[in-house]
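Structure file protein-v7.txt (compact mmCIF, C-alpha atoms) is printed below.
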# COMPACT_ATOMS: atom_id res chain seq x y z
CA ASP A 1 72.24 -109.28 166.15
CA SER A 2 74.74 -107.49 163.91
CA GLY A 3 73.34 -104.03 164.57
CA VAL A 4 72.65 -103.49 160.86
CA THR A 5 68.97 -103.00 160.05
CA GLN A 6 67.46 -103.60 156.65
CA THR A 7 63.90 -102.88 155.63
CA PRO A 8 61.72 -104.31 154.30
CA LYS A 9 62.56 -107.97 154.87
CA HIS A 10 60.48 -109.07 151.90
CA LEU A 11 59.36 -107.23 148.80
CA ILE A 12 57.17 -108.56 146.03
CA THR A 13 56.68 -106.43 142.96
CA ALA A 14 56.10 -106.61 139.23
CA THR A 15 58.40 -106.17 136.26
CA GLY A 16 58.98 -102.56 135.28
CA GLN A 17 58.41 -101.25 138.78
CA ARG A 18 60.76 -99.32 141.05
CA VAL A 19 61.62 -100.18 144.65
CA THR A 20 63.75 -98.72 147.42
CA LEU A 21 65.67 -100.81 149.93
CA ARG A 22 66.78 -99.18 153.14
CA CYS A 23 69.74 -99.86 155.38
CA SER A 24 70.73 -98.44 158.76
CA PRO A 25 74.36 -99.23 159.58
CA ARG A 26 75.75 -100.24 162.92
CA SER A 27 76.10 -97.31 165.29
CA GLY A 28 79.36 -95.50 164.56
CA ASP A 29 80.06 -97.24 161.24
CA LEU A 30 80.76 -94.87 158.37
CA SER A 31 80.94 -97.38 155.52
CA VAL A 32 77.93 -99.02 153.94
CA TYR A 33 78.14 -101.77 151.34
CA TRP A 34 75.44 -103.30 149.17
CA TYR A 35 75.64 -106.88 147.93
CA GLN A 36 73.30 -108.95 145.79
CA GLN A 37 73.00 -112.67 146.46
CA SER A 38 71.45 -114.93 143.86
CA LEU A 39 71.67 -118.67 143.30
CA ASP A 40 73.48 -118.43 139.98
CA GLN A 41 75.74 -115.43 140.68
CA GLY A 42 76.64 -115.92 144.31
CA LEU A 43 77.38 -112.82 146.39
CA GLN A 44 78.06 -109.85 144.11
CA PHE A 45 79.43 -106.54 145.34
CA LEU A 46 77.32 -103.64 144.11
CA ILE A 47 78.54 -100.44 145.69
CA GLN A 48 80.18 -98.90 148.76
CA TYR A 49 79.64 -95.55 150.42
CA TYR A 50 81.87 -93.99 153.06
CA ASN A 51 80.60 -91.06 155.08
CA GLY A 52 78.21 -90.00 152.36
CA GLU A 53 80.54 -90.39 149.40
CA GLU A 54 80.68 -93.19 146.87
CA ARG A 55 83.86 -95.14 147.56
CA ALA A 56 83.85 -98.18 145.31
CA LYS A 57 81.65 -99.56 142.59
CA GLY A 58 81.17 -103.13 141.55
CA ASN A 59 78.79 -104.89 139.21
CA ILE A 60 75.94 -102.45 139.69
CA LEU A 61 73.51 -102.04 136.80
CA GLU A 62 72.69 -98.60 135.46
CA ARG A 63 69.07 -99.20 136.51
CA PHE A 64 70.28 -99.37 140.11
CA SER A 65 71.43 -96.43 142.19
CA ALA A 66 72.30 -95.83 145.79
CA GLN A 67 73.05 -93.04 148.19
CA GLN A 68 74.13 -92.51 151.75
CA PHE A 69 72.47 -89.77 153.73
CA PRO A 70 73.94 -87.42 156.37
CA ASP A 71 72.62 -89.65 159.14
CA LEU A 72 74.60 -92.47 157.43
CA HIS A 73 71.63 -94.62 156.48
CA SER A 74 71.66 -95.78 152.90
CA GLU A 75 69.09 -96.55 150.24
CA LEU A 76 69.40 -98.76 147.20
CA ASN A 77 67.01 -97.87 144.40
CA LEU A 78 66.15 -100.48 141.80
CA SER A 79 64.17 -99.36 138.76
CA SER A 80 62.69 -100.91 135.61
CA LEU A 81 62.78 -104.19 137.44
CA GLU A 82 63.28 -107.43 135.55
CA LEU A 83 62.67 -111.02 136.59
CA GLY A 84 66.42 -111.51 136.90
CA ASP A 85 66.63 -108.87 139.60
CA SER A 86 64.95 -111.26 142.01
CA ALA A 87 67.56 -111.87 144.70
CA LEU A 88 68.52 -111.33 148.30
CA TYR A 89 70.02 -107.89 148.78
CA PHE A 90 72.37 -107.42 151.70
CA CYS A 91 73.62 -104.30 153.31
CA ALA A 92 76.79 -104.40 155.39
CA SER A 93 78.65 -101.80 157.40
CA SER A 94 82.13 -101.28 158.77
CA SER A 95 83.95 -98.61 160.70
CA SER A 96 86.46 -97.68 157.98
CA ALA A 97 86.69 -97.40 154.22
CA GLY A 98 89.38 -100.02 153.73
CA THR A 99 88.87 -103.71 153.08
CA ASN A 100 90.85 -104.86 156.11
CA GLU A 101 87.92 -104.41 158.46
CA LYS A 102 85.27 -107.03 159.06
CA LEU A 103 81.82 -106.36 157.75
CA PHE A 104 78.63 -106.54 159.75
CA PHE A 105 75.74 -107.77 157.60
CA GLY A 106 72.05 -107.13 157.89
CA SER A 107 69.53 -109.92 157.47
CA GLY A 108 68.80 -108.88 153.91
CA THR A 109 65.83 -107.89 151.79
CA GLN A 110 64.36 -110.68 149.70
CA LEU A 111 63.16 -109.15 146.43
CA SER A 112 60.79 -111.12 144.24
CA VAL A 113 59.96 -109.68 140.83
CA LEU A 114 56.92 -111.34 139.27
CA ALA B 1 91.18 -108.14 139.21
CA GLN B 2 90.63 -109.92 142.49
CA SER B 3 88.97 -113.32 142.52
CA VAL B 4 88.21 -116.12 144.91
CA ALA B 5 87.58 -119.76 144.12
CA GLN B 6 85.78 -122.17 146.39
CA PRO B 7 86.10 -125.40 144.42
CA GLU B 8 83.56 -127.41 146.40
CA ASP B 9 79.86 -126.62 146.32
CA GLN B 10 79.31 -128.88 149.30
CA VAL B 11 81.41 -130.59 151.93
CA ASN B 12 80.04 -133.48 153.94
CA VAL B 13 81.61 -134.54 157.21
CA ALA B 14 80.55 -136.62 160.20
CA GLU B 15 80.25 -134.98 163.59
CA GLY B 16 83.50 -135.20 165.52
CA ASN B 17 85.64 -135.46 162.40
CA PRO B 18 87.95 -132.70 161.21
CA LEU B 19 86.67 -130.46 158.45
CA THR B 20 88.32 -128.42 155.73
CA VAL B 21 86.65 -125.92 153.42
CA LYS B 22 88.93 -124.86 150.59
CA CYS B 23 89.60 -121.40 149.22
CA THR B 24 92.11 -120.08 146.72
CA TYR B 25 92.50 -116.47 145.72
CA SER B 26 94.00 -114.24 143.09
CA VAL B 27 95.00 -110.66 143.81
CA SER B 28 97.84 -108.33 142.95
CA GLY B 29 99.69 -107.14 146.00
CA ASN B 30 99.12 -108.26 149.57
CA PRO B 31 95.73 -109.81 150.24
CA TYR B 32 93.30 -109.37 153.04
CA LEU B 33 91.46 -112.69 153.48
CA PHE B 34 88.26 -113.43 155.31
CA TRP B 35 85.86 -116.23 156.13
CA TYR B 36 82.19 -115.58 156.74
CA VAL B 37 79.38 -117.97 157.62
CA GLN B 38 75.72 -117.72 156.65
CA TYR B 39 72.99 -119.58 158.51
CA PRO B 40 69.53 -120.00 156.93
CA ASN B 41 67.56 -116.76 156.65
CA ARG B 42 70.41 -114.78 158.18
CA GLY B 43 73.04 -112.36 157.00
CA LEU B 44 76.70 -113.30 156.82
CA GLN B 45 78.68 -113.41 160.05
CA PHE B 46 82.41 -112.80 160.34
CA LEU B 47 84.50 -115.82 161.37
CA LEU B 48 88.12 -114.77 160.97
CA LYS B 49 90.54 -112.71 158.90
CA TYR B 50 94.15 -112.64 157.79
CA ILE B 51 95.77 -109.28 157.30
CA THR B 52 99.41 -109.87 158.12
CA GLY B 53 101.58 -111.80 160.55
CA ASP B 54 101.10 -115.40 161.66
CA ASN B 55 99.90 -117.61 158.83
CA LEU B 56 97.58 -119.53 161.15
CA VAL B 57 94.58 -117.48 162.11
CA LYS B 58 92.15 -118.49 164.83
CA GLY B 59 88.56 -117.33 164.77
CA SER B 60 85.12 -117.79 166.21
CA TYR B 61 83.50 -121.12 167.14
CA GLY B 62 86.80 -123.04 167.07
CA PHE B 63 87.52 -122.36 163.41
CA GLU B 64 90.96 -121.56 162.08
CA ALA B 65 92.46 -120.88 158.67
CA GLU B 66 95.94 -121.12 157.25
CA PHE B 67 97.31 -118.55 154.83
CA ASN B 68 99.61 -120.13 152.26
CA LYS B 69 101.15 -117.51 150.01
CA SER B 70 102.91 -119.92 147.66
CA GLN B 71 99.69 -121.82 146.99
CA THR B 72 97.51 -118.69 147.20
CA SER B 73 95.18 -120.55 149.53
CA PHE B 74 93.29 -119.79 152.70
CA HIS B 75 91.57 -123.00 153.74
CA LEU B 76 89.15 -123.03 156.66
CA LYS B 77 89.59 -125.81 159.20
CA LYS B 78 88.13 -127.14 162.41
CA PRO B 79 89.51 -130.11 164.36
CA SER B 80 86.13 -131.52 165.37
CA ALA B 81 82.94 -130.68 163.48
CA LEU B 82 79.58 -130.07 165.15
CA VAL B 83 76.14 -130.54 163.61
CA SER B 84 75.53 -126.88 164.39
CA ASP B 85 78.42 -125.96 162.05
CA SER B 86 76.19 -126.86 159.10
CA ALA B 87 75.86 -123.64 157.11
CA LEU B 88 77.07 -121.81 154.01
CA TYR B 89 80.67 -120.61 154.20
CA PHE B 90 82.13 -117.78 152.14
CA CYS B 91 85.75 -116.89 151.56
CA ALA B 92 86.52 -113.28 150.59
CA VAL B 93 89.56 -111.32 149.45
CA GLY B 94 90.39 -107.64 149.58
CA LYS B 95 93.59 -105.67 149.16
CA ASN B 96 95.19 -102.56 150.54
CA THR B 97 96.01 -100.79 147.29
CA GLY B 98 94.23 -99.63 144.19
CA PHE B 99 90.54 -100.27 143.72
CA GLN B 100 89.35 -101.49 147.05
CA LYS B 101 86.48 -103.91 147.24
CA LEU B 102 85.88 -107.16 149.01
CA VAL B 103 85.23 -110.01 146.59
CA PHE B 104 83.41 -113.09 147.80
CA GLY B 105 83.59 -116.66 146.58
CA THR B 106 80.48 -118.55 145.53
CA GLY B 107 80.19 -120.27 148.88
CA THR B 108 80.54 -123.84 150.14
CA ARG B 109 77.74 -125.60 151.91
CA LEU B 110 78.96 -127.57 154.90
CA LEU B 111 76.79 -130.44 156.02
CA VAL B 112 77.73 -132.14 159.27
CA SER B 113 75.90 -135.38 159.92
CA PRO B 114 75.23 -136.73 163.42
Represent the supplied structure as structure tokens.
Amino acid sequence: DSGVTQTPKHLITATGQRVTLRCSPRSGDLSVYWYQQSLDQGLQFLIQYYNGEERAKGNILERFSAQQFPDLHSELNLSSLELGDSALYFCASSSSAGTNEKLFFGSGTQLSVL
Amino acid sequence: AQSVAQPEDQVNVAEGNPLTVKCTYSVSGNPYLFWYVQYPNRGLQFLLKYITGDNLVKGSYGFEAEFNKSQTSFHLKKPSALVSDSALYFCAVGKNTGFQKLVFGTGTRLLVSP
């Protein structure tokens, strides 16, 4: 068990809808990362938060947004969903903001857009 | 921009034989290099990392990787493969300057046959 909790594990929704994915980082970790894993794109970095502030941004669509709350949990909001958004979304956490620390990954949220 | 290439989609090896999973990277400045493993229906798990120092890095489950700066490679190796090593392996690169994010390769599926 990595100590990173993601909910829900599975999410089935329709095109045009909005969903929220939740992540609780490992105890004591200040950094939260969101990644999208799909068969054709591999593992894509979306966004990183450190202690409540956005730290780094990757290939995140404008329809997607995220935030990290004072208790350090994070939410990834996906809106106007399209079929192509179907993927496995991972949250990861680490103790620092830099990229020299190992990441602890949650088990992911499998999103299916029908 | 940082990038990682894992040239093999799949590597097949017989149990007891040595295995190598290849990774090459591109980054300006000094790289941070990682290997992660993903088992079915699980999040990624950290195996090992290279930050600085000895080019041969030892990690979990008997795996090791060799950093080769001239060839910009960080191949994952194990002297004797186990069936239980069958999984999806990801190489990742980060850096200590500029825009910090960890970029993952597309993954290599390792299949160890009995």
Do you know which residues are at most 10 Å from Pro79 (chain B) counting only C-alpha atoms, after dropping those on the same chain fewer than 2 positions away, and could you put them as a VMD selection string? chain B and resid 16 to 20 62 to 64 77 81 to 82
For the selection just defined, write its residues with C-alpha atoms to a file, as a PDB file, in the coordinates of the input.
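File written: out_28.pdb
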ATOM      1  CA  GLY B  16      83.500-135.200 165.520  1.00  0.00           C
ATOM      2  CA  ASN B  17      85.640-135.460 162.400  1.00  0.00           C
ATOM      3  CA  PRO B  18      87.950-132.700 161.210  1.00  0.00           C
ATOM      4  CA  LEU B  19      86.670-130.460 158.450  1.00  0.00           C
ATOM      5  CA  THR B  20      88.320-128.420 155.730  1.00  0.00           C
ATOM      6  CA  GLY B  62      86.800-123.040 167.070  1.00  0.00           C
ATOM      7  CA  PHE B  63      87.520-122.360 163.410  1.00  0.00           C
ATOM      8  CA  GLU B  64      90.960-121.560 162.080  1.00  0.00           C
ATOM      9  CA  LYS B  77      89.590-125.810 159.200  1.00  0.00           C
ATOM     10  CA  ALA B  81      82.940-130.680 163.480  1.00  0.00           C
ATOM     11  CA  LEU B  82      79.580-130.070 165.150  1.00  0.00           C
TER      12      LEU B  82
END
For a quick check of understanding, using all atoms listed in the file, which of A:Thr99, A:Gln36, A:Ser94, A:Thr13 has the smallest distance to chain B?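 Distance minimum relative to chain B lands on A:Thr99.
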Residues of chain A no more than 7 Å from chain B, counting all atoms listed in the file: send them over as a VMD selection string. chain A and resid 42 to 43 45 56 98 to 100 102 to 108
Using only C-alpha atoms, please write the residues we just selected to a file, as a PDB file, in the frame of the given file.
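As a result, out_30.pdb now contains:
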ATOM      1  CA  GLY A  42      76.640-115.920 144.310  1.00  0.00           C
ATOM      2  CA  LEU A  43      77.380-112.820 146.390  1.00  0.00           C
ATOM      3  CA  PHE A  45      79.430-106.540 145.340  1.00  0.00           C
ATOM      4  CA  ALA A  56      83.850 -98.180 145.310  1.00  0.00           C
ATOM      5  CA  GLY A  98      89.380-100.020 153.730  1.00  0.00           C
ATOM      6  CA  THR A  99      88.870-103.710 153.080  1.00  0.00           C
ATOM      7  CA  ASN A 100      90.850-104.860 156.110  1.00  0.00           C
ATOM      8  CA  LYS A 102      85.270-107.030 159.060  1.00  0.00           C
ATOM      9  CA  LEU A 103      81.820-106.360 157.750  1.00  0.00           C
ATOM     10  CA  PHE A 104      78.630-106.540 159.750  1.00  0.00           C
ATOM     11  CA  PHE A 105      75.740-107.770 157.600  1.00  0.00           C
ATOM     12  CA  GLY A 106      72.050-107.130 157.890  1.00  0.00           C
ATOM     13  CA  SER A 107      69.530-109.920 157.470  1.00  0.00           C
ATOM     14  CA  GLY A 108      68.800-108.880 153.910  1.00  0.00           C
TER      15      GLY A 108
END
Selection near Ile47 (chain A), 6 Å with all atoms listed in the file, sequence-local residues under 5 positions removed, as a PyMOL selection string: chain A and resi 33-34+56-58
Figure out the distance between CA of Cys23 (chain B) and CA of Cys91 (chain B), please, to one decimal in Å.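 Here the two named atoms are 6.4 Å from each other.
Interatomic distance, CA of Asn55 (chain B) to CA of Phe67 (chain B): 4.9 Å.
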CA of Asp29 (chain A) to CA of Gln67 (chain A), distance in Å rounded to a single decimal: 15.4 Å
Looking at A:Ser112, A:Gln6, A:Ser93, A:Ser86, which one is nearest to Gln37 (chain A), with distances taken over only C-alpha atoms?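 Among the listed residues, the smallest separation from Gln37 (chain A) belongs to A:Ser86.
Between Arg55 (chain A) and the candidates A:Ala97, A:Leu21, A:Ser38, A:Asp1, the tightest atom-to-atom separation, counting all atoms listed in the file, involves A:Ala97.
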Write out as a ChimeraX atom specification the residues lying within 8 Å of Asn51 (chain A), counting only C-alpha atoms and excluding same-chain residues fewer than 3 positions away. /A:30-31,68,70,72
Top pick for closest residue to Gln6 (chain B), considering B:Thr108, B:Ser28, B:Ser73, B:Asn68 and counting all atoms listed in the file: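 The answer is B:Thr108, which sits nearest to Gln6 (chain B).
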Skip Phe64 (chain A) itself and residues of its chain fewer than 5 positions away, then list as number ranges by chain all residues within 9 Å of it, counting only C-alpha atoms. A: 76-80
Ser113 (chain B) environment, 9 Å, all atoms listed in the file, sequence neighbours closer than 5 positions dropped, as a VMD selection string: chain B and resid 12 to 15 82 to 83 86
Output file for the residues above (C-alpha atoms, as a CSV table (one decimal), in the coordinates of the input):
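Written file, again10.csv:
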chain,number,residue,atom,x,y,z
B,12,ASN,CA,80.0,-133.5,153.9
B,13,VAL,CA,81.6,-134.5,157.2
B,14,ALA,CA,80.6,-136.6,160.2
B,15,GLU,CA,80.2,-135.0,163.6
B,82,LEU,CA,79.6,-130.1,165.2
B,83,VAL,CA,76.1,-130.5,163.6
B,86,SER,CA,76.2,-126.9,159.1
Around (63.7, -110.3, 152.4) in the file's own coordinates, what residues are found within 7 Å if you use all atoms listed in the file, given back as a short mmCIF file (atom, residue, chain, number, x, y, z; two decimals) with C-alpha atoms, in the frame of the given file?
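File written: part_29.cif
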data_model
loop_
_atom_site.label_atom_id
_atom_site.label_comp_id
_atom_site.auth_asym_id
_atom_site.auth_seq_id
_atom_site.Cartn_x
_atom_site.Cartn_y
_atom_site.Cartn_z
CA PRO A 8 61.72 -104.31 154.30
CA LYS A 9 62.56 -107.97 154.87
CA HIS A 10 60.48 -109.07 151.90
CA LEU A 11 59.36 -107.23 148.80
CA LEU A 88 68.52 -111.33 148.30
CA GLY A 108 68.80 -108.88 153.91
CA THR A 109 65.83 -107.89 151.79
CA GLN A 110 64.36 -110.68 149.70
CA LEU A 111 63.16 -109.15 146.43
#
